[in-house]
Amino acid sequence: MKKYFLALCYMATLVVYAQDKTTNEKWMVGRPDGHAPISVMGDHMHGKGEWMFSYRYMYMNMEDLKQGSENATFDDALENYMVTPTNMPMNMQMLGAMYAPSDKITLMAMFNYLAMKMDHLTRMGGTFRTESSGFGDIQIAALYKFFNKNQQSVHGQLGFSLPTGSITESDVTPASTPNETVLPYPMQVGSGTFDTNLAITYLGQKDKVSWGSQLRSILRFGENERNFKYGNKYSLNNWFAVKTYEWLSFSARIEGLLVSEIVGEDSNLNPLMVVTADTQNSGGVFLNGGVGFNIYVPSGMLKNLRFGVELASPLYQNVNGIQLKTKETFTLGTQYSF
């Protein structure tokens, strides 16, 4: 909580700094760095009557184990569990839409589809794989612009996550053959709870450079039908971009992420069987870094079409219990506004 309070103070300082400047120029969206790196959501707003549609593809790979902030071996996990995961690739496709009924308000909705695989190693030396896929939770939000002047902008976001994704994904395991069994928490495609998404975003730019900060929280209330809820998430994203041409910019990003442990327990899961079924092995503190580029079409028939690419990797991980270690995350996407 202390870290979250300090992050709020940091954002408040940026807002005050932006208001104290004397120039009246507005922050502009019509340039390649007019949007944040493609992995950042809810980073910008639109003018009255404007629409934007977007598509993103994200690949995240998790491999090997972490115990606290130290690397761990599979043997370390198998001392206390019958089964340990060894790697987990995840693919996510996201469709988004934004519409601005006024210059102050932009409405946003996002739909996603997830596909995950997890390889396992048993204490007896056997291996097996489980898979799950499906549509995730639907995200809806409203963004409100506090001001846009001095080549800087600040807006807030109030959003909600609708529990449309499944929390009963199942697959066959050696212990359940020939029947399917409910998969552990990381392999579910939904949360099962109505979640609140709060964010505040600060943006600034000069002729050739731009920068931004976004403080975001996902707060989960109540338990789902399986008698648990995923942990709250708190993140602070900071990025810096350089506009090299009217159509191209390069960016660097750093993100601090705090994830709370899962609360409650799914009675269908045996926490002694596999690492991922034990709620003590969830959440942690993470520091991630990313580099990428944005391409923007400034004129012609395809004006306002954008492409973005980013490659990210963890700089620091301190997990609760023992968990798979995050490796690389690759995100690409396209956005079109009119």
# chains A, B, ... in the order shown; residues from 1 in each chain; ligands from 1
$ closest_atom_pairs --of "stretch 34-105 of chain A" --to "stretch 135-158 of chain A" --cutoff "9 Å" --atoms "only C-alpha atoms" --output "CSV"
residue,atom,partner,partner_atom,distance
A:Gly42,CA,A:Gln157,CA,7.6
A:Asp43,CA,A:His155,CA,8.6
A:His44,CA,A:His155,CA,8.1
A:Met45,CA,A:Leu143,CA,7.2
A:Asp103,CA,A:Lys145,CA,7.8
A:Lys104,CA,A:Lys145,CA,4.9
A:Ile105,CA,A:Tyr144,CA,4.8
$ residues_around --residues "stretch 63-72 of chain A" --least-positions-apart "6" --cutoff "7 Å" --atoms "only C-alpha atoms" --output "MDAnalysis selection string"
chainID A and resid 86:88 317:327
$ write_last_selection --atoms "all heavy atoms" --output "short mmCIF file (atom, residue, chain, number, x, y, z; two decimals), in the first residue's frame"
data_model
loop_
_atom_site.label_atom_id
_atom_site.label_comp_id
_atom_site.auth_asym_id
_atom_site.auth_seq_id
_atom_site.Cartn_x
_atom_site.Cartn_y
_atom_site.Cartn_z
N THR A 86 6.83 -26.73 -16.27
CA THR A 86 8.17 -26.44 -16.80
C THR A 86 8.17 -25.25 -17.75
O THR A 86 9.14 -24.51 -17.81
CB THR A 86 8.75 -27.66 -17.52
OG1 THR A 86 7.85 -28.06 -18.58
CG2 THR A 86 8.92 -28.82 -16.55
N ASN A 87 7.09 -25.06 -18.49
CA ASN A 87 6.97 -23.86 -19.32
C ASN A 87 5.51 -23.64 -19.70
O ASN A 87 4.69 -24.56 -19.66
CB ASN A 87 7.85 -23.93 -20.57
CG ASN A 87 7.26 -24.83 -21.63
OD1 ASN A 87 7.28 -26.05 -21.50
ND2 ASN A 87 6.74 -24.23 -22.69
N MET A 88 5.20 -22.39 -20.05
CA MET A 88 3.82 -22.03 -20.39
C MET A 88 3.83 -20.90 -21.41
O MET A 88 4.02 -19.73 -21.05
CB MET A 88 3.05 -21.60 -19.15
CG MET A 88 1.63 -21.12 -19.43
SD MET A 88 0.83 -20.51 -17.92
CE MET A 88 -0.68 -19.82 -18.62
N GLN A 317 12.19 -10.03 -10.78
CA GLN A 317 11.02 -10.79 -10.38
C GLN A 317 11.21 -11.30 -8.96
O GLN A 317 12.22 -11.92 -8.65
CB GLN A 317 10.79 -11.99 -11.31
CG GLN A 317 10.59 -11.66 -12.77
CD GLN A 317 10.41 -12.91 -13.62
OE1 GLN A 317 9.39 -13.58 -13.56
NE2 GLN A 317 11.42 -13.22 -14.43
N ASN A 318 10.22 -11.03 -8.11
CA ASN A 318 10.22 -11.56 -6.75
C ASN A 318 8.84 -12.14 -6.50
O ASN A 318 7.90 -11.41 -6.18
CB ASN A 318 10.55 -10.45 -5.74
CG ASN A 318 10.77 -11.00 -4.34
OD1 ASN A 318 10.50 -12.18 -4.06
ND2 ASN A 318 11.27 -10.16 -3.45
N VAL A 319 8.70 -13.43 -6.69
CA VAL A 319 7.39 -14.07 -6.67
C VAL A 319 7.08 -14.63 -5.29
O VAL A 319 7.98 -14.91 -4.49
CB VAL A 319 7.31 -15.20 -7.72
CG1 VAL A 319 7.60 -14.66 -9.11
CG2 VAL A 319 8.27 -16.35 -7.38
N ASN A 320 5.80 -14.78 -5.01
CA ASN A 320 5.37 -15.46 -3.78
C ASN A 320 5.47 -16.96 -4.00
O ASN A 320 4.97 -17.49 -5.00
CB ASN A 320 3.93 -15.08 -3.45
CG ASN A 320 3.77 -13.60 -3.18
OD1 ASN A 320 4.65 -12.95 -2.61
ND2 ASN A 320 2.63 -13.04 -3.58
N GLY A 321 6.12 -17.65 -3.07
CA GLY A 321 6.26 -19.09 -3.20
C GLY A 321 7.20 -19.45 -4.34
O GLY A 321 8.25 -18.85 -4.53
N ILE A 322 6.79 -20.44 -5.14
CA ILE A 322 7.57 -20.89 -6.29
C ILE A 322 6.67 -20.86 -7.52
O ILE A 322 5.55 -21.37 -7.49
CB ILE A 322 8.17 -22.29 -6.03
CG1 ILE A 322 9.13 -22.69 -7.15
CG2 ILE A 322 7.08 -23.33 -5.81
CD1 ILE A 322 9.99 -23.89 -6.80
N GLN A 323 7.15 -20.23 -8.59
CA GLN A 323 6.32 -20.02 -9.77
C GLN A 323 7.18 -20.10 -11.03
O GLN A 323 8.41 -20.00 -10.98
CB GLN A 323 5.65 -18.65 -9.73
CG GLN A 323 4.73 -18.40 -8.57
CD GLN A 323 4.12 -17.01 -8.61
OE1 GLN A 323 3.73 -16.51 -9.67
NE2 GLN A 323 4.03 -16.35 -7.46
N LEU A 324 6.48 -20.25 -12.16
CA LEU A 324 7.17 -20.15 -13.45
C LEU A 324 7.75 -18.76 -13.61
O LEU A 324 7.17 -17.76 -13.17
CB LEU A 324 6.19 -20.44 -14.59
CG LEU A 324 5.88 -21.91 -14.88
CD1 LEU A 324 4.73 -22.00 -15.88
CD2 LEU A 324 7.11 -22.65 -15.42
N LYS A 325 8.89 -18.69 -14.27
CA LYS A 325 9.59 -17.43 -14.48
C LYS A 325 9.17 -16.82 -15.82
O LYS A 325 9.18 -17.50 -16.85
CB LYS A 325 11.10 -17.69 -14.45
CG LYS A 325 11.96 -16.47 -14.69
CD LYS A 325 13.42 -16.72 -14.32
CE LYS A 325 14.00 -17.94 -14.98
NZ LYS A 325 15.44 -18.12 -14.69
N THR A 326 8.79 -15.57 -15.80
CA THR A 326 8.43 -14.88 -17.03
C THR A 326 9.67 -14.63 -17.87
O THR A 326 10.69 -14.16 -17.36
CB THR A 326 7.73 -13.54 -16.74
OG1 THR A 326 6.56 -13.79 -15.96
CG2 THR A 326 7.32 -12.85 -18.03
N LYS A 327 9.57 -14.94 -19.15
CA LYS A 327 10.67 -14.68 -20.07
C LYS A 327 10.31 -13.48 -20.94
O LYS A 327 10.12 -12.40 -20.42
CB LYS A 327 10.94 -15.93 -20.92
CG LYS A 327 11.41 -17.13 -20.12
CD LYS A 327 12.87 -17.01 -19.72
CE LYS A 327 13.40 -18.30 -19.16
NZ LYS A 327 14.85 -18.25 -18.89
#
$ residues_around --residues "A:Thr331" --least-positions-apart "4" --cutoff "9 Å" --atoms "only C-alpha atoms" --output "JSON list (two decimals) with C-alpha atoms, in the first residue's frame"
[["chain", "number", "residue", "atom", "x", "y", "z"],
["A", 38, "ILE", "CA", 1.38, -0.81, -28.24],
["A", 39, "SER", "CA", 1.30, -2.82, -24.98],
["A", 56, "ARG", "CA", -3.41, -6.56, -30.83],
["A", 57, "TYR", "CA", -1.59, -9.86, -30.67],
["A", 58, "MET", "CA", 0.47, -10.70, -27.60],
["A", 59, "TYR", "CA", 2.76, -13.67, -27.01],
["A", 60, "MET", "CA", 4.14, -14.29, -23.52],
["A", 308, "GLY", "CA", 3.05, -0.86, -33.27],
["A", 309, "VAL", "CA", 5.56, -3.48, -32.13],
["A", 310, "GLU", "CA", 7.16, -4.02, -28.72],
["A", 311, "LEU", "CA", 9.45, -6.64, -27.20],
["A", 312, "ALA", "CA", 9.53, -6.74, -23.39]]
$ closest_residue --among "A:Leu302, A:Met82, A:Val259, A:Leu107" --to "A:Pro271" --atoms "only C-alpha atoms"
A:Met82
$ select_by_dssp --residues "stretch 66-304 of chain A" --states "strand (DSSP E or B)" --output "PyMOL selection string"
chain A and resi 66-67+70-72+83-99+105-122+127-135+138-149+152-162+170-172+180-182+195-205+209-220+228-229+233-245+248-259+263-264+274+284-296
$ select_by_dssp --residues "stretch 106-278 of chain A" --states "helix (DSSP H, G or I)" --output "JSON, numbers by chain"
{"A": [185, 186, 187, 275, 276, 277]}
$ residues_around --residues "A:Phe250" --least-positions-apart "5" --cutoff "9 Å" --atoms "only C-alpha atoms" --output "NGL selection string"
:A and (32-33 or 37 or 240-244 or 291-294)
$ atom_distance --atom1 "atom CA of A:Gly47" --atom2 "atom CA of A:Gln214"
20.4 Å
